[in-house]
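Source file: final.csv. Holds: CSV, C-alpha atoms.
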chain,number,residue,atom,x,y,z
O,1,MET,CA,-15.0,-15.9,13.5
O,2,GLU,CA,-13.9,-18.6,11.0
O,3,ARG,CA,-10.5,-18.5,9.5
O,4,THR,CA,-10.3,-16.7,6.2
O,5,ARG,CA,-9.0,-19.1,3.5
O,6,TRP,CA,-6.5,-17.1,1.4
O,7,ALA,CA,-5.1,-17.7,-2.0
O,8,VAL,CA,-2.0,-16.0,-3.3
O,9,LEU,CA,-2.1,-15.0,-6.9
O,10,GLY,CA,1.4,-14.4,-8.3
O,11,PRO,CA,4.0,-16.5,-6.4
O,12,GLY,CA,6.8,-14.0,-6.5
O,13,GLU,CA,9.1,-12.4,-3.9
O,14,ILE,CA,6.5,-10.1,-2.3
O,15,SER,CA,4.0,-12.9,-2.1
O,16,GLY,CA,6.5,-14.9,-0.1
O,17,PHE,CA,6.4,-12.2,2.6
O,18,PHE,CA,2.6,-12.4,2.7
O,19,ALA,CA,2.7,-16.2,2.9
O,20,ARG,CA,5.2,-16.2,5.8
O,21,ALA,CA,3.1,-13.6,7.6
O,22,LEU,CA,-0.2,-15.3,7.5
O,23,PRO,CA,0.5,-17.7,10.4
O,24,ARG,CA,1.1,-14.6,12.5
O,25,SER,CA,-2.4,-13.2,11.6
O,26,GLU,CA,-5.3,-13.8,13.9
O,27,HIS,CA,-7.9,-14.8,11.2
O,28,GLY,CA,-6.1,-16.1,8.1
O,29,VAL,CA,-4.7,-19.2,6.7
O,30,LEU,CA,-3.0,-19.9,3.3
O,31,HIS,CA,-5.1,-22.3,1.4
O,32,ALA,CA,-4.3,-21.9,-2.3
O,33,VAL,CA,-1.7,-20.6,-4.8
O,34,GLY,CA,-2.5,-19.5,-8.3
O,35,SER,CA,-0.1,-18.6,-11.2
O,36,SER,CA,0.1,-18.4,-14.9
O,37,ASP,CA,2.9,-21.0,-14.5
O,38,ALA,CA,1.5,-24.2,-12.9
O,39,GLY,CA,5.0,-25.3,-11.9
O,40,ARG,CA,5.7,-22.1,-10.0
O,41,ALA,CA,2.3,-22.3,-8.2
O,42,GLU,CA,3.1,-25.9,-7.1
O,43,ALA,CA,6.5,-25.0,-5.9
O,44,PHE,CA,5.2,-22.0,-3.9
O,45,ALA,CA,2.3,-24.1,-2.4
O,46,SER,CA,4.8,-26.7,-1.3
O,47,ARG,CA,7.1,-24.2,0.3
O,48,TYR,CA,4.4,-22.5,2.3
O,49,GLY,CA,2.1,-25.4,3.0
O,50,ALA,CA,-0.9,-24.5,0.8
O,51,PRO,CA,-3.0,-27.6,0.0
O,52,VAL,CA,-4.3,-26.3,-3.3
O,53,HIS,CA,-2.5,-24.9,-6.4
O,54,GLY,CA,-3.3,-24.3,-10.0
O,55,THR,CA,-3.9,-21.6,-12.6
O,56,TYR,CA,-5.5,-18.3,-11.7
O,57,ASP,CA,-8.9,-19.5,-13.2
O,58,ASP,CA,-8.6,-22.8,-11.2
O,59,VAL,CA,-8.1,-21.0,-7.9
O,60,LEU,CA,-10.8,-18.3,-8.5
O,61,ALA,CA,-13.4,-21.0,-9.4
O,62,ARG,CA,-13.0,-22.7,-6.0
O,63,ASP,CA,-15.7,-22.3,-3.4
O,64,ASP,CA,-13.2,-22.9,-0.6
O,65,VAL,CA,-11.2,-19.7,-1.3
O,66,ASP,CA,-12.5,-16.6,0.6
O,67,ALA,CA,-9.9,-14.0,-0.2
O,68,VAL,CA,-7.0,-13.5,-2.6
O,69,TYR,CA,-3.7,-11.6,-2.2
O,70,ILE,CA,-2.5,-10.2,-5.6
O,71,GLY,CA,1.3,-9.9,-5.7
O,72,THR,CA,2.0,-9.8,-9.5
O,73,VAL,CA,3.6,-7.0,-11.4
O,74,HIS,CA,1.6,-3.8,-11.5
O,75,THR,CA,0.3,-4.5,-15.0
O,76,GLY,CA,-1.3,-7.7,-13.8
O,77,HIS,CA,-3.3,-6.2,-10.9
O,78,ALA,CA,-6.4,-5.0,-12.7
O,79,PRO,CA,-7.5,-8.1,-14.6
O,80,LEU,CA,-6.8,-10.4,-11.6
O,81,ALA,CA,-8.6,-8.0,-9.1
O,82,ILE,CA,-11.6,-7.7,-11.3
O,83,ALA,CA,-11.8,-11.5,-11.9
O,84,ALA,CA,-11.4,-12.2,-8.2
O,85,LEU,CA,-14.1,-9.7,-7.3
O,86,GLU,CA,-16.5,-11.1,-9.9
O,87,ALA,CA,-15.8,-14.5,-8.5
O,88,GLY,CA,-17.0,-13.3,-5.1
O,89,LYS,CA,-13.6,-13.1,-3.4
O,90,ALA,CA,-12.3,-10.4,-1.1
O,91,VAL,CA,-9.2,-8.8,-2.5
O,92,LEU,CA,-6.0,-7.5,-1.0
O,93,CYS,CA,-4.0,-6.0,-3.9
O,94,GLU,CA,-0.4,-4.9,-3.7
O,95,LYS,CA,0.2,-1.2,-4.4
O,96,PRO,CA,-0.4,0.5,-6.7
O,97,VAL,CA,-3.8,-0.8,-7.6
O,98,THR,CA,-3.0,-0.2,-11.3
O,99,PRO,CA,-0.6,2.0,-13.3
O,100,THR,CA,-3.4,4.5,-14.2
O,101,ALA,CA,-6.2,6.3,-12.5
O,102,ALA,CA,-8.7,5.1,-15.2
O,103,ALA,CA,-7.8,1.4,-14.6
O,104,THR,CA,-8.0,1.9,-10.8
O,105,ALA,CA,-11.5,3.4,-11.3
O,106,GLU,CA,-12.5,0.2,-13.1
O,107,VAL,CA,-11.3,-2.0,-10.3
O,108,LEU,CA,-13.1,0.1,-7.7
O,109,ALA,CA,-16.3,-0.1,-9.8
O,110,ALA,CA,-15.9,-3.9,-9.9
O,111,ALA,CA,-15.5,-3.9,-6.1
O,112,GLU,CA,-18.7,-1.8,-5.8
O,113,ARG,CA,-20.6,-4.2,-7.9
O,114,SER,CA,-19.3,-7.3,-6.1
O,115,GLY,CA,-20.0,-6.1,-2.6
O,116,ARG,CA,-16.8,-7.8,-1.4
O,117,PRO,CA,-13.9,-6.1,0.4
O,118,PHE,CA,-11.2,-4.6,-1.7
O,119,VAL,CA,-8.0,-3.2,0.0
O,120,GLU,CA,-4.8,-1.7,-1.4
O,121,ALA,CA,-1.8,-3.0,0.5
O,122,PHE,CA,0.1,0.1,1.7
O,123,LYS,CA,1.7,-1.7,4.6
O,124,HIS,CA,2.7,1.4,6.7
O,125,SER,CA,-1.0,2.2,7.0
O,126,PHE,CA,-1.7,-0.9,9.0
O,127,GLY,CA,-0.5,-0.9,12.6
O,128,PRO,CA,-0.6,1.0,15.9
O,129,LEU,CA,1.7,3.9,14.9
O,130,ALA,CA,-0.6,4.9,12.0
O,131,ARG,CA,-3.5,5.0,14.5
O,132,GLU,CA,-1.4,7.2,16.9
O,133,LEU,CA,-0.5,9.6,14.1
O,134,ARG,CA,-4.2,9.9,13.2
O,135,THR,CA,-5.1,10.7,16.8
O,136,VAL,CA,-2.4,13.4,17.0
O,137,VAL,CA,-3.5,15.1,13.8
O,138,GLN,CA,-7.2,15.0,14.7
O,139,SER,CA,-6.6,16.1,18.3
O,140,GLY,CA,-5.3,19.5,17.1
O,141,GLU,CA,-2.1,19.0,19.1
O,142,ILE,CA,0.0,20.4,16.2
O,143,GLY,CA,-2.7,22.9,15.1
O,144,GLU,CA,-4.0,23.2,11.6
O,145,LEU,CA,-2.1,21.3,8.9
O,146,VAL,CA,0.4,23.4,6.9
O,147,SER,CA,2.8,21.1,5.1
O,148,MET,CA,4.3,17.6,4.9
O,149,GLU,CA,7.5,16.2,3.4
O,150,ALA,CA,8.1,12.5,2.8
O,151,ALA,CA,10.4,10.4,0.8
O,152,PHE,CA,11.1,6.9,-0.3
O,153,GLY,CA,14.1,6.2,-2.5
O,154,PHE,CA,16.7,3.5,-2.9
O,155,ALA,CA,19.5,2.7,-5.3
O,156,ALA,CA,18.8,-0.4,-7.3
O,157,GLY,CA,21.8,-2.6,-7.9
O,158,GLU,CA,21.1,-3.5,-11.5
O,159,HIS,CA,19.2,-1.2,-13.9
O,160,THR,CA,17.3,-4.1,-15.5
O,161,GLY,CA,14.2,-6.1,-14.9
O,162,ARG,CA,10.7,-4.9,-13.9
O,163,LEU,CA,11.8,-1.7,-12.2
O,164,PHE,CA,13.3,-0.4,-15.4
O,165,ASP,CA,10.9,-1.8,-17.9
O,166,PRO,CA,8.3,0.6,-19.3
O,167,ALA,CA,6.2,-2.3,-20.5
O,168,LEU,CA,5.8,-3.5,-16.9
O,169,ALA,CA,5.0,0.0,-15.6
O,170,GLY,CA,8.4,0.4,-14.1
O,171,GLY,CA,9.9,3.5,-12.6
O,172,ALA,CA,10.2,5.1,-9.2
O,173,ILE,CA,6.8,6.8,-9.0
O,174,LEU,CA,4.8,3.6,-9.4
O,175,ASP,CA,7.2,1.4,-7.4
O,176,VAL,CA,7.7,3.5,-4.2
O,177,GLY,CA,6.4,7.0,-5.0
O,178,GLY,CA,3.0,5.8,-3.8
O,179,TYR,CA,4.2,5.6,-0.3
O,180,PRO,CA,4.7,9.3,0.3
O,181,ALA,CA,1.6,10.0,-1.8
O,182,SER,CA,-0.5,7.6,0.3
O,183,LEU,CA,0.7,9.2,3.5
O,184,ALA,CA,-0.2,12.7,2.2
O,185,VAL,CA,-3.7,11.4,1.2
O,186,ALA,CA,-4.2,9.8,4.6
O,187,VAL,CA,-3.1,12.9,6.6
O,188,ALA,CA,-5.3,15.1,4.5
O,189,ARG,CA,-8.2,12.7,5.1
O,190,TRP,CA,-7.7,12.7,8.9
O,191,ALA,CA,-8.0,16.5,8.9
O,192,ASP,CA,-10.9,16.6,6.4
O,193,ARG,CA,-8.9,18.5,3.8
O,194,GLY,CA,-9.8,18.7,0.1
O,195,GLU,CA,-8.9,16.5,-2.9
O,196,PRO,CA,-5.3,16.7,-4.0
O,197,VAL,CA,-4.2,19.1,-6.8
O,198,LEU,CA,-0.7,18.6,-8.2
O,199,VAL,CA,1.0,21.9,-8.0
O,200,SER,CA,4.3,20.9,-9.5
O,201,ALA,CA,6.2,17.8,-10.7
O,202,GLU,CA,9.7,17.2,-12.0
O,203,GLY,CA,12.1,14.3,-12.3
O,204,THR,CA,14.6,12.4,-14.4
O,205,ILE,CA,13.8,9.8,-17.1
O,206,GLY,CA,16.5,7.1,-17.3
O,207,GLN,CA,18.0,5.4,-20.3
O,208,THR,CA,15.3,2.7,-20.4
O,209,GLY,CA,12.5,5.3,-20.5
O,210,VAL,CA,11.2,5.1,-16.9
O,211,ASP,CA,11.3,7.8,-14.2
O,212,VAL,CA,14.3,7.1,-12.0
O,213,GLU,CA,14.0,10.2,-9.7
O,214,ALA,CA,11.0,12.4,-9.1
O,215,VAL,CA,9.6,15.1,-6.8
O,216,ALA,CA,6.1,16.5,-6.7
O,217,VAL,CA,4.1,19.0,-4.6
O,218,ALA,CA,0.4,18.3,-4.0
O,219,ASP,CA,-2.0,20.7,-2.4
O,220,PHE,CA,-5.0,19.6,-0.3
O,221,GLY,CA,-6.9,22.7,0.3
O,222,GLY,CA,-4.0,24.7,1.8
O,223,PHE,CA,-2.1,21.7,3.1
O,224,THR,CA,0.8,21.1,0.8
O,225,ALA,CA,2.8,17.9,0.6
O,226,THR,CA,6.2,17.5,-1.0
O,227,LEU,CA,6.8,13.9,-2.2
O,228,ARG,CA,10.1,12.5,-3.3
O,229,THR,CA,11.0,9.1,-4.7
O,230,ALA,CA,13.9,7.4,-6.6
O,231,ILE,CA,15.1,4.0,-7.7
O,232,VAL,CA,18.7,5.1,-8.3
O,233,THR,CA,19.3,7.2,-5.2
O,234,ALA,CA,18.9,6.3,-1.5
O,235,MET,CA,16.7,8.7,0.4
O,236,PRO,CA,16.0,9.0,4.1
O,237,GLU,CA,12.7,7.1,4.6
O,238,GLU,CA,11.2,9.7,6.9
O,239,ALA,CA,8.3,12.1,7.0
O,240,THR,CA,7.6,15.4,8.7
O,241,ILE,CA,4.1,16.8,9.2
O,242,VAL,CA,4.0,20.5,10.1
O,243,GLY,CA,1.0,22.3,11.7
O,244,THR,CA,0.4,25.8,12.9
O,245,ARG,CA,1.3,24.8,16.5
O,246,GLY,CA,3.9,22.0,16.1
O,247,SER,CA,5.1,19.1,14.1
O,248,ILE,CA,5.3,15.3,13.9
O,249,HIS,CA,8.5,13.6,12.7
O,250,VAL,CA,8.5,9.9,11.8
O,251,PRO,CA,12.1,8.6,11.2
O,252,ASP,CA,11.3,5.2,9.8
O,253,VAL,CA,8.0,6.0,8.4
O,254,TRP,CA,7.5,3.0,6.1
O,255,GLY,CA,8.8,0.3,8.4
O,256,SER,CA,10.0,-2.9,6.9
O,257,ARG,CA,8.3,-6.0,5.4
O,258,GLU,CA,8.6,-7.7,8.8
O,259,GLU,CA,7.7,-4.8,11.1
O,260,SER,CA,5.4,-1.8,11.0
O,261,PRO,CA,6.9,1.6,11.9
O,262,ALA,CA,7.0,2.1,15.7
O,263,ARG,CA,8.3,5.6,16.6
O,264,ALA,CA,7.5,9.2,16.1
O,265,THR,CA,8.3,12.5,17.8
O,266,VAL,CA,5.7,15.2,18.4
O,267,ARG,CA,6.6,18.8,19.1
O,268,GLY,CA,4.0,21.3,20.2
O,269,ASP,CA,3.2,24.1,22.6
O,270,SER,CA,3.8,21.8,25.6
O,271,GLY,CA,7.2,20.7,24.4
O,272,GLU,CA,8.4,17.4,22.8
O,273,ARG,CA,7.2,13.9,23.4
O,274,VAL,CA,8.0,10.6,21.8
O,275,ILE,CA,5.4,8.1,20.7
O,276,GLU,CA,6.6,4.5,20.8
O,277,VAL,CA,4.5,1.5,20.0
O,278,GLU,CA,5.0,-2.3,19.6
O,279,PRO,CA,5.5,-3.0,15.9
O,280,VAL,CA,3.3,-5.7,14.2
O,281,ASP,CA,3.8,-7.7,11.0
O,282,PRO,CA,2.3,-5.4,8.4
O,283,PHE,CA,1.3,-8.2,6.0
O,284,ALA,CA,-0.5,-10.0,8.9
O,285,ALA,CA,-2.2,-6.8,9.8
O,286,GLU,CA,-3.4,-6.2,6.2
O,287,ALA,CA,-4.8,-9.7,6.1
O,288,ASP,CA,-6.6,-9.3,9.3
O,289,ALA,CA,-8.1,-6.0,8.2
O,290,VAL,CA,-9.6,-7.8,5.2
O,291,SER,CA,-10.8,-10.7,7.2
O,292,LEU,CA,-12.6,-8.4,9.7
O,293,ALA,CA,-14.2,-6.5,6.8
O,294,LEU,CA,-15.3,-9.8,5.2
O,295,ALA,CA,-16.8,-11.0,8.5
O,296,GLU,CA,-18.6,-7.7,9.2
O,297,GLY,CA,-20.0,-7.3,5.7
O,298,ARG,CA,-17.9,-4.2,4.9
O,299,ARG,CA,-16.4,-3.5,1.5
O,300,GLU,CA,-13.7,-1.1,2.7
O,301,VAL,CA,-11.3,-0.7,5.6
O,302,PRO,CA,-10.5,2.6,7.4
O,303,GLU,CA,-6.8,2.3,6.9
O,304,VAL,CA,-7.0,2.7,3.1
O,305,PRO,CA,-10.6,3.4,2.0
O,306,TRP,CA,-11.5,3.4,-1.7
O,307,ALA,CA,-11.5,7.2,-2.0
O,308,SER,CA,-7.9,7.2,-0.8
O,309,SER,CA,-6.9,4.6,-3.4
O,310,ALA,CA,-8.5,6.7,-6.1
O,311,ALA,CA,-6.8,9.9,-4.9
O,312,ILE,CA,-3.4,8.2,-4.7
O,313,SER,CA,-3.8,6.8,-8.2
O,314,ARG,CA,-4.7,10.2,-9.6
O,315,ILE,CA,-1.6,11.7,-8.0
O,316,LEU,CA,0.7,9.0,-9.4
O,317,ASP,CA,-1.0,9.2,-12.8
O,318,GLU,CA,-0.6,13.0,-13.2
O,319,TRP,CA,2.9,12.9,-11.7
O,320,ARG,CA,4.0,10.5,-14.4
O,321,ALA,CA,2.2,12.4,-17.1
O,322,ARG,CA,3.9,15.7,-16.1
O,323,LEU,CA,7.3,13.9,-16.7
O,324,GLY,CA,6.2,12.8,-20.1
Final structure tokens representation of the file:
Amino acid sequence: MERTRWAVLGPGEISGFFARALPRSEHGVLHAVGSSDAGRAEAFASRYGAPVHGTYDDVLARDDVDAVYIGTVHTGHAPLAIAALEAGKAVLCEKPVTPTAAATAEVLAAAERSGRPFVEAFKHSFGPLARELRTVVQSGEIGELVSMEAAFGFAAGEHTGRLFDPALAGGAILDVGGYPASLAVAVARWADRGEPVLVSAEGTIGQTGVDVEAVAVADFGGFTATLRTAIVTAMPEEATIVGTRGSIHVPDVWGSREESPARATVRGDSGERVIEVEPVDPFAAEADAVSLALAEGRREVPEVPWASSAAISRILDEWRARLG
């Protein structure tokens, strides 16, 4: 298949990881950089070897751009994603798709109209360990799903900037709370459980008006997931999935920006076994998933289908609303 010609929209820190990963992908190449600041676009393009740079409109108007990676702040995702889809581009959008369930629905509707791939970039979902976990859950090795606990929390050094700015959709829930929420949605999907219903939600609102710590419990037709997140407290980045006959423990469940998670322990009727896989670059894996969907005429990828993005968005939306 031909190389997918990628454009980065939003030349910030997270986009740098994507640009560095593309040479390690099988099907993608960085071709263009778009920004609201022409100087930033030019500097990013020069650093990562993209031959084209310009404004967002400049880049989206080009026929030689096949797909875009959106790495702006949360509040910039929806307008760029919709514009890119309407321009006939495939879209890989950083999580969360948008700060609200209603806006996420608008983006997914635009994807439906466009017929182009749209993928939410939850990096831990892309890689061999995620496929192994799905196999274990679907095999019945741990029995019927009962519960799950997962957390993602860190202590930010400075309580300023995007993370603590309500106008930029700051806060723990939207920054990293989507990780445990997305895993719960994925596990429930693997086992054909129901749509999530938020049972409880609590947390702490910081001085700037954003949630800084939060916990929620979601129910998926009898499978309950406890989700924890923070931007002022470090939490073990691990997950435990419990069934009627055993459990799965993933000690480094989210991996890093350079490597996907690679290890899990399964306990069941026949004892304990360890799953170990070779990690991959998660950004490269995300890009290749989009490229394959584009080549095969698919609009979704199995790692994070649209229904999952919608469900995650609903959880995050209500979680925040419950905290006021």
* Could you pull out every residue with an atom within 6 Å of (13.9, 10.7, -1.1), file coordinates, counting only C-alpha atoms, and send them as a ChimeraX atom specification? => /O:151-153,228-229,235-236
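Distance-wise, atom CA of Gly71 of chain O and atom CA of Pro99 of chain O end up 14.2 Å apart.
Here atom CA of Val146 of chain O and atom CA of Val242 of chain O stand 5.6 Å from one another.
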* Within-12 Å shell of (11.2, 4.3, -2.0) in input frame, only C-alpha atoms, as a VMD selection string -> chain O and resid 150 to 156 163 171 to 181 212 to 215 227 to 238 252 to 256
* Asked: Distance atom CA of Leu129 of chain O-atom CA of Ala184 of chain O, one decimal place?
  ->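 For atom CA of Leu129 of chain O relative to atom CA of Ala184 of chain O, the distance reads 15.6 Å.
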* For segment 185-191 of chain O: contacts at 12 Å, only C-alpha atoms, fewer than 6 positions along chain excluded, given as a PyMOL selection string -> chain O and resi 122+124-126+130-140+142-150+178-179+197+218-227+239-243+248+302-316
Output C-alpha atoms of each residue in that selection to a file, as a short mmCIF file (atom, residue, chain, number, x, y, z; two decimals), keeping the file's coordinate frame.
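The resulting file, again.cif, is shown below:
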data_model
loop_
_atom_site.label_atom_id
_atom_site.label_comp_id
_atom_site.auth_asym_id
_atom_site.auth_seq_id
_atom_site.Cartn_x
_atom_site.Cartn_y
_atom_site.Cartn_z
CA PHE O 122 0.10 0.10 1.70
CA HIS O 124 2.70 1.40 6.70
CA SER O 125 -1.00 2.20 7.00
CA PHE O 126 -1.70 -0.90 9.00
CA ALA O 130 -0.60 4.90 12.00
CA ARG O 131 -3.50 5.00 14.50
CA GLU O 132 -1.40 7.20 16.90
CA LEU O 133 -0.50 9.60 14.10
CA ARG O 134 -4.20 9.90 13.20
CA THR O 135 -5.10 10.70 16.80
CA VAL O 136 -2.40 13.40 17.00
CA VAL O 137 -3.50 15.10 13.80
CA GLN O 138 -7.20 15.00 14.70
CA SER O 139 -6.60 16.10 18.30
CA GLY O 140 -5.30 19.50 17.10
CA ILE O 142 0.00 20.40 16.20
CA GLY O 143 -2.70 22.90 15.10
CA GLU O 144 -4.00 23.20 11.60
CA LEU O 145 -2.10 21.30 8.90
CA VAL O 146 0.40 23.40 6.90
CA SER O 147 2.80 21.10 5.10
CA MET O 148 4.30 17.60 4.90
CA GLU O 149 7.50 16.20 3.40
CA ALA O 150 8.10 12.50 2.80
CA GLY O 178 3.00 5.80 -3.80
CA TYR O 179 4.20 5.60 -0.30
CA VAL O 197 -4.20 19.10 -6.80
CA ALA O 218 0.40 18.30 -4.00
CA ASP O 219 -2.00 20.70 -2.40
CA PHE O 220 -5.00 19.60 -0.30
CA GLY O 221 -6.90 22.70 0.30
CA GLY O 222 -4.00 24.70 1.80
CA PHE O 223 -2.10 21.70 3.10
CA THR O 224 0.80 21.10 0.80
CA ALA O 225 2.80 17.90 0.60
CA THR O 226 6.20 17.50 -1.00
CA LEU O 227 6.80 13.90 -2.20
CA ALA O 239 8.30 12.10 7.00
CA THR O 240 7.60 15.40 8.70
CA ILE O 241 4.10 16.80 9.20
CA VAL O 242 4.00 20.50 10.10
CA GLY O 243 1.00 22.30 11.70
CA ILE O 248 5.30 15.30 13.90
CA PRO O 302 -10.50 2.60 7.40
CA GLU O 303 -6.80 2.30 6.90
CA VAL O 304 -7.00 2.70 3.10
CA PRO O 305 -10.60 3.40 2.00
CA TRP O 306 -11.50 3.40 -1.70
CA ALA O 307 -11.50 7.20 -2.00
CA SER O 308 -7.90 7.20 -0.80
CA SER O 309 -6.90 4.60 -3.40
CA ALA O 310 -8.50 6.70 -6.10
CA ALA O 311 -6.80 9.90 -4.90
CA ILE O 312 -3.40 8.20 -4.70
CA SER O 313 -3.80 6.80 -8.20
CA ARG O 314 -4.70 10.20 -9.60
CA ILE O 315 -1.60 11.70 -8.00
CA LEU O 316 0.70 9.00 -9.40
#
* Asked: Can you tell me, as a PyMOL selection string, what residues are no more than 8 Å from Glu120 of chain O when counting only C-alpha atoms, ignoring any on the same chain fewer than 6 positions away?
  -> chain O and resi 92-97+304+309
List as JSON lines every residue of segment 24-53 of chain O that is in contact with segment 267-287 of chain O, defined as an atom at most 10 Å from one of its atoms (using all atoms listed in the file), together with the nearest atom pair and the distance in Å rounded to one decimal, sorted by chain and then rising number.
{"residue": "O:Arg24", "atom": "CA", "partner": "O:Ala284", "partner_atom": "CA", "distance": 6.1}
{"residue": "O:Ser25", "atom": "CA", "partner": "O:Ala284", "partner_atom": "CA", "distance": 4.6}
{"residue": "O:Glu26", "atom": "CA", "partner": "O:Ala284", "partner_atom": "CA", "distance": 7.9}
{"residue": "O:His27", "atom": "CA", "partner": "O:Ala287", "partner_atom": "CA", "distance": 7.9}
{"residue": "O:Gly28", "atom": "CA", "partner": "O:Ala287", "partner_atom": "CA", "distance": 6.8}
{"residue": "O:Val29", "atom": "CA", "partner": "O:Ala287", "partner_atom": "CA", "distance": 9.5}
* Asked: In terms of the shortest atom-to-atom distance over all atoms listed in the file, which of O:Ser15, O:Thr4, O:Thr265, O:Ser182 is closest to His31 of chain O?
  -> O:Thr4
* To do: Would you mind telling me which residue in O:Pro261, O:Pro117, O:Gly203, O:Gly39 lies nearest to Ala67 of chain O when using only C-alpha atoms?
  =>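 Closest to Ala67 of chain O, using only C-alpha atoms: O:Pro117.
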* With all atoms listed in the file as the atoms that count, which of O:Gly209, O:Arg320, O:Ala216, O:Glu112 lies nearest to Arg298 of chain O? ->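 So, comparing all the options, the nearest one is O:Glu112.
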* Given all atoms listed in the file as the counted atoms, nearest of O:Leu108, O:Leu85, O:Val199, O:Ile14 to Val217 of chain O ->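 Ranked by minimum distance to Val217 of chain O, first place goes to O:Val199.
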* **From O:Thr55, O:Thr208, O:Ser36, O:Thr100, residue lying nearest Ala321 of chain O [all atoms listed in the file]** =>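 Using all atoms listed in the file, the shortest distance to Ala321 of chain O belongs to O:Thr100.
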* Which residue out of O:Gly206, O:Gly34, O:Gly161, O:Gly127 has the minimum interatomic distance to Leu80 of chain O when only C-alpha atoms are used? ->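 Closest residue, counting only C-alpha atoms: O:Gly34.
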